[in-house]
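J.: Provided herewith is a single structure, encoded as structure tokens, for subsequent inquiry.
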There are 2 protein chains.
Amino acid sequence: MAKQRQRLVGRRSQVTVRDVALLAEVSESTVSRIMRGQDLVTEATRQKVMESVRALGYVPNRIAGSLASLDSRLIGVVIPSLSNIVFPEVLQGINAGLAGTDRQSVISITDYDLDQEEVVVRNLLAWQPAAVLIAGSTHTDATCRMLDQSGIRVVEFMEIDNPPIDVVIGLSHVGAGRATARHLVAKGYRRFGYVGYGGTVDIRARMRLDGLRAGLAEAGLTLQAESLSDGQTSVEKGKAQTADLCARAPGLQVVVYSNDDMAVGGLFHCMGAGISVPGDLALFGFNGLDIGRALPQPLSTIRSNRFQIGRMAVEEVLSSTARPEGGRVIDTGFEIVEGATA
Amino acid sequence: MAKQRQRLVGRRSQVTVRDVALLAEVSESTVSRIMRGQDLVTEATRQKVMESVRALGYVPNRIAGSLASLDSRLIGVVIPSLSNIVFPEVLQGINAGLAGTDRQSVISITDYDLDQEEVVVRNLLAWQPAAVLIAGSTHTDATCRMLDQSGIRVVEFMEIDNPPIDVVIGLSHVGAGRATARHLVAKGYRRFGYVGYGGTVDIRARMRLDGLRAGLAEAGLTLQAESLSDGQTSVEKGKAQTADLCARAPGLQVVVYSNDDMAVGGLFHCMGAGISVPGDLALFGFNGLDIGRALPQPLSTIRSNRFQIGRMAVEEVLSSTARPEGGRVIDTGFEIVEGATA
DNA sequence: CGATGCAATGGCAACGCTGTCATCGCGGGC
DNA sequence: GCCCGCGATGACAGCGTTGCCATTGCATCG
């Protein structure tokens with residue numbers, strides 16, 4: 001007596017390899033081989049099978065396939081935010097690197113929260129990804145342990161100021177901050193202000209500020225005024241905080257911003273308030289966004305190579321499934337964009 | 001003689017429910033129940049099992065879980081691009097809607113290519129997602145068929161100018177274009193120019209242009225000059241094309257842009273060229289981006305509700321696994337932002 | 001005090017596919 | 001004429017988890 005248990009009654013009717021094999025009068029193996037593009041089958045068989053595939057509207061179930069082959073073809077990507085334009089740009093680079101391969105990215109957002117990141121990484125690893133690309137190199141202990149023990153490739157991107165789990169790709173944000181200081185000091189500026197992010201969760205903004213301070217210290221200088229804010233940076237905040245800073249600290253020669261968004265806001269304030277840039281006040285950003293180039297006065301800033309970072313991260317994990325001995329650091333560098341605001 | 005086949009030799013050693021069950025001296029079922037948070041187990045057993053989970057560093061394999069339960073907990077998202085800021089904003093809405101649920105989004109990019117979209121949808125469906133959220137409602141026949149026959153929830157978002165497969169959420173872009181025309185005509189403008197996207201792949205920009213023309217026609221007017229471009233819009237293109245338009249067509253009273261990026265570029269051109277806005281020339285955008293509000297002169301534009309679109313799309317698919325009879329159209333509307341440039 | 005109900009746990013097949021080997025058929029070499 | 005080799009195909013056991021019962025143990029009740 002057949003004990004055909006009726007499991008998950010009423011579930012979605014699904015076309016499976018079995019159905020295709022039955023219709024095409026071949027074995028499931030043959031169907032599977034054809035669907036995966038293995039070329040050990042006769043053209044005649046392939047035709048016959050593909051016809052059945054079309055007739056039934058068969059779409060292979062990659063969940064079953066991944067389980068059977070123990071290879072999910074998934075690349076996990078962890079970023080803090082989508083509202084900061086730099087991360088979509090990195091994603092574009094990742095996407096470009098993935099184009100034409102059979103890998104697929106899965107993106108998770110942490111909202112700049114390391115505990116959230118831990119949750120997100122755990123959920124991601126549950127999908128057995130072939131690799132994880134994760135922004136930043138500061139994580140909770142548990143996150144580091146999970147990533148390390150997973151054995152898969154792990155690329156930490158954006159900053160290279162910390163030692164890697166596997167590979168890090170990006171630029172030194174401390175270095176960028178320091179370079180900003182040196183560049184502006186060399187131009188003769190002495191009275192510095194800072195406008196931007198002053199919290200602790202955007203670690204890279206923080207590192208740039210630290211680098212800036214260190215660079216100024218080398219020249220015996222300090223920041224004479226700061227207008228710090230928490231949370232998401234924006235053009236509007238940059239505008240408002242610049243107004244605030246100008247009111248509180250007259251006599252500044254140059255304001256350094258945590259990023260271009262804020263700097264653009266600063267420029268808008270100056271335009272509205274009749275402050276001549278860079279004569280009365282010079283402005284300096286970070287990121288090298290497109291909008292900076294289109295401004296009436298091109299923004300002086302530092303270009304980071306976000307697209308390239310994403311692309312190289314993908315190339316790295318596709319190149320080998322083995323981690324390099326003792327980790328690896330790939331510096332994508334940064335360049336000062338002269339512009340016309342400093 | 002044991003015929004324990006050595007399958008996939010040298011594969012990643014993986015901790016499974018079996019290992020946890022063995023260590024905790026319970027059955028696999030119990031471990032599974034605990035991992036899924038079902039509360040039919042004693043607290044004592046839970047403690048014991050969780051201890052083993054921690055000791056072994058067990059992470060459930062969701063691929064196997066999805067196969068067994070025939071529920072992947074995945075939400076497929078298909079968007080044309082990440083470089084157009086509006087899509088990351090929709091993604092944020094989607095993410096917000098998904099937060100706190102056990103669903104996970106998987107994002108695919110089409111590069112505004114309908115054939116690419118077809119490929120991407122096929123690959124996405126292979127992951128057996130619980131729903132697909134897809135930008136736009138113009139697809140290839142094959143794409144429509146696949147989405148329709150999948151039986152899962154399908155939300156087409158951004159535009160509501162076409163009939164839905166299941167549900168559409170967004171705004172009427174033709175309507176937005178027409179509203180722009182009416183608004184500006186009512187303000188007394190008569191000599192209109194257009195700057196922006198003129199290709200065929202960004203269908204929504206095209207629809208807004210069509211609506212604009214229709215709205216002008218109602219008042220017996222036409223566009224007196226256009227500067228069209230293909231490909232990605234940007235602030236820089238907006239600036240350059242505005243310069244071009246002003247040179248070619250002096251005497252225009254107002255320029256309508258395909259989006260805020262282009263309009264911001266237009267404003268930058270005017271600032272640099274000493275053109276008084278809106279006195280000499282009025283400018284009008286589309287989207288209602290944050291940057292428009294921060295400009296020295298707030299941009300006159302139309303606000304679309306991208307975040308809300310994403311959020312509502314998620315709420316819709318989470319609310320029911322059944323498609324509404326005959327489809328449904330959810331209009332998130334748009335509002336004219338007065339601004340100071342028109 | 002035995003029957004009954006219920007909460008807690010166990011056993012095991014099934015999810016749809018792929019890896020691995022077995023098998024089949026056919027042509028060529030000796 | 002026989003066997004070998006090889007290309008093409010088939011058979012089947014997993015992959016790690018969950019759904020669906022079955023079973024167990026214990027308290028309750030007439």
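Ligands are numbered from 1 in the order shown, chains are lettered A, B, ... in the order of the structure tokens, and residues start at 1 in each chain.
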Please tabulate, as a Markdown table, the residues of chain C that come within 10 Å of chain B, each with its closest pair of atoms and the distance in Å to one decimal, counting only C-alpha atoms (C1' of nucleotides) and ordering rows by chain, then residue number upward.
T.:
| residue | atom | partner | partner_atom | distance |
| --- | --- | --- | --- | --- |
| C:DA7 | C1' | B:Leu40 | CA | 7.8 |
| C:DA8 | C1' | B:Val41 | CA | 6.3 |
| C:DT9 | C1' | B:Thr30 | CA | 6.8 |
| C:DG10 | C1' | B:Ser27 | CA | 6.0 |
| C:DG11 | C1' | B:Ser27 | CA | 8.8 |
| C:DA14 | C1' | B:Ala68 | CA | 7.5 |
| C:DC15 | C1' | B:Ala68 | CA | 4.5 |
| C:DG16 | C1' | B:Leu67 | CA | 7.7 |
| C:DG19 | C1' | B:Arg7 | CA | 7.0 |
| C:DT20 | C1' | B:Arg7 | CA | 7.7 |
J.: For DG25 (chain C), please output as a PyMOL selection string all residues within 12 Å (counting only C-alpha atoms (C1' of nucleotides); exclusion window: fewer than 6 positions along the same chain).
T.: chain D and resi 6-9
J.: Using only C-alpha atoms and a distance of at most 7 Å, pull out the residues of chain B that contact chain A, as a VMD selection string.
T.: chain B and resid 59 to 64 67 82 to 83 88 to 89 92 106 to 107 126 to 128 235 to 236 265 268 to 269 271 to 272 291 294 to 296
J.: Point out the residue among A:Val337, A:Ile302, A:Val31, A:Val20 with the least atom-to-atom distance to chain D, counting only C-alpha atoms (C1' of nucleotides).
T.: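 Of the candidates, the smallest distance to chain D is held by A:Val31.
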J.: Residues of chain D within 9 Å of chain B, counting only C-alpha atoms (C1' of nucleotides) - could you list those as a compact mmCIF listing (two decimals) with N, CA and C atoms (P, O5', C5', C4', C3', O3' and C1' of nucleotides), in the first residue's frame?
T.:
# COMPACT_ATOMS: atom_id res chain seq x y z
P DA D 13 18.90 4.84 -3.60
O5' DA D 13 19.99 5.31 -2.56
C5' DA D 13 21.37 5.13 -2.88
C4' DA D 13 22.14 6.42 -2.66
C3' DA D 13 21.87 7.08 -1.31
O3' DA D 13 23.11 7.56 -0.82
C1' DA D 13 21.46 8.63 -3.02
P DG D 14 23.26 7.83 0.71
O5' DG D 14 22.05 8.84 0.96
C5' DG D 14 22.26 10.04 1.68
C4' DG D 14 23.07 11.03 0.88
C3' DG D 14 22.97 12.41 1.49
O3' DG D 14 24.25 12.99 1.58
C1' DG D 14 22.12 12.44 -0.74
P DC D 15 24.63 13.91 2.79
O5' DC D 15 24.21 15.36 2.30
C5' DC D 15 25.02 16.08 1.41
C4' DC D 15 24.31 17.37 1.07
C3' DC D 15 23.60 18.00 2.27
O3' DC D 15 24.48 18.97 2.83
C1' DC D 15 22.22 18.01 0.28
P DG D 16 24.86 18.86 4.41
O5' DG D 16 23.62 19.60 5.10
C5' DG D 16 23.43 20.98 4.86
C4' DG D 16 22.06 21.37 5.34
C3' DG D 16 21.81 21.12 6.83
O3' DG D 16 21.22 22.29 7.36
C1' DG D 16 20.13 20.09 5.52
P DT D 17 20.65 22.40 8.84
O5' DT D 17 19.10 22.39 8.55
C5' DT D 17 18.55 23.47 7.82
C4' DT D 17 17.15 23.14 7.38
C3' DT D 17 16.12 23.06 8.50
O3' DT D 17 15.33 24.25 8.44
C1' DT D 17 15.86 21.29 6.90
P DT D 18 14.24 24.49 9.61
O5' DT D 18 12.96 23.76 9.01
C5' DT D 18 12.43 24.20 7.78
C4' DT D 18 11.29 23.29 7.37
C3' DT D 18 10.12 23.24 8.35
O3' DT D 18 8.94 23.29 7.59
C1' DT D 18 10.89 21.06 7.92
P DG D 19 7.58 23.71 8.30
O5' DG D 19 6.63 22.50 7.91
C5' DG D 19 6.40 22.23 6.54
C4' DG D 19 5.65 20.92 6.40
C3' DG D 19 4.40 20.80 7.26
O3' DG D 19 3.41 20.14 6.49
C1' DG D 19 5.96 19.12 7.88
J.: Can you work out the spacing between CA of Gly215 (chain A) and CA of Val329 (chain A) in Å, to one decimal?
T.: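 Calculated distance between CA of Gly215 (chain A) and CA of Val329 (chain A) is 23.3 Å.
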J.: To one decimal place in Å, what is the distance between CA of Val255 (chain B) and CA of Gly274 (chain B)?
T.: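 Separating CA of Val255 (chain B) from CA of Gly274 (chain B) is a distance of 16.2 Å.
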J.: Provide the CA of Gly97 (chain B) to CA of His173 (chain B) distance in Å, to one decimal place.
T.: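 Distance between the two atoms: 24.3 Å.
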J.: Write down as a PyMOL selection string the residues of region 112-234 of chain A whose backbone DSSP state falls under strand (DSSP E).
T.: chain A and resi 131-135+153-159+167-171+192-197+223-229
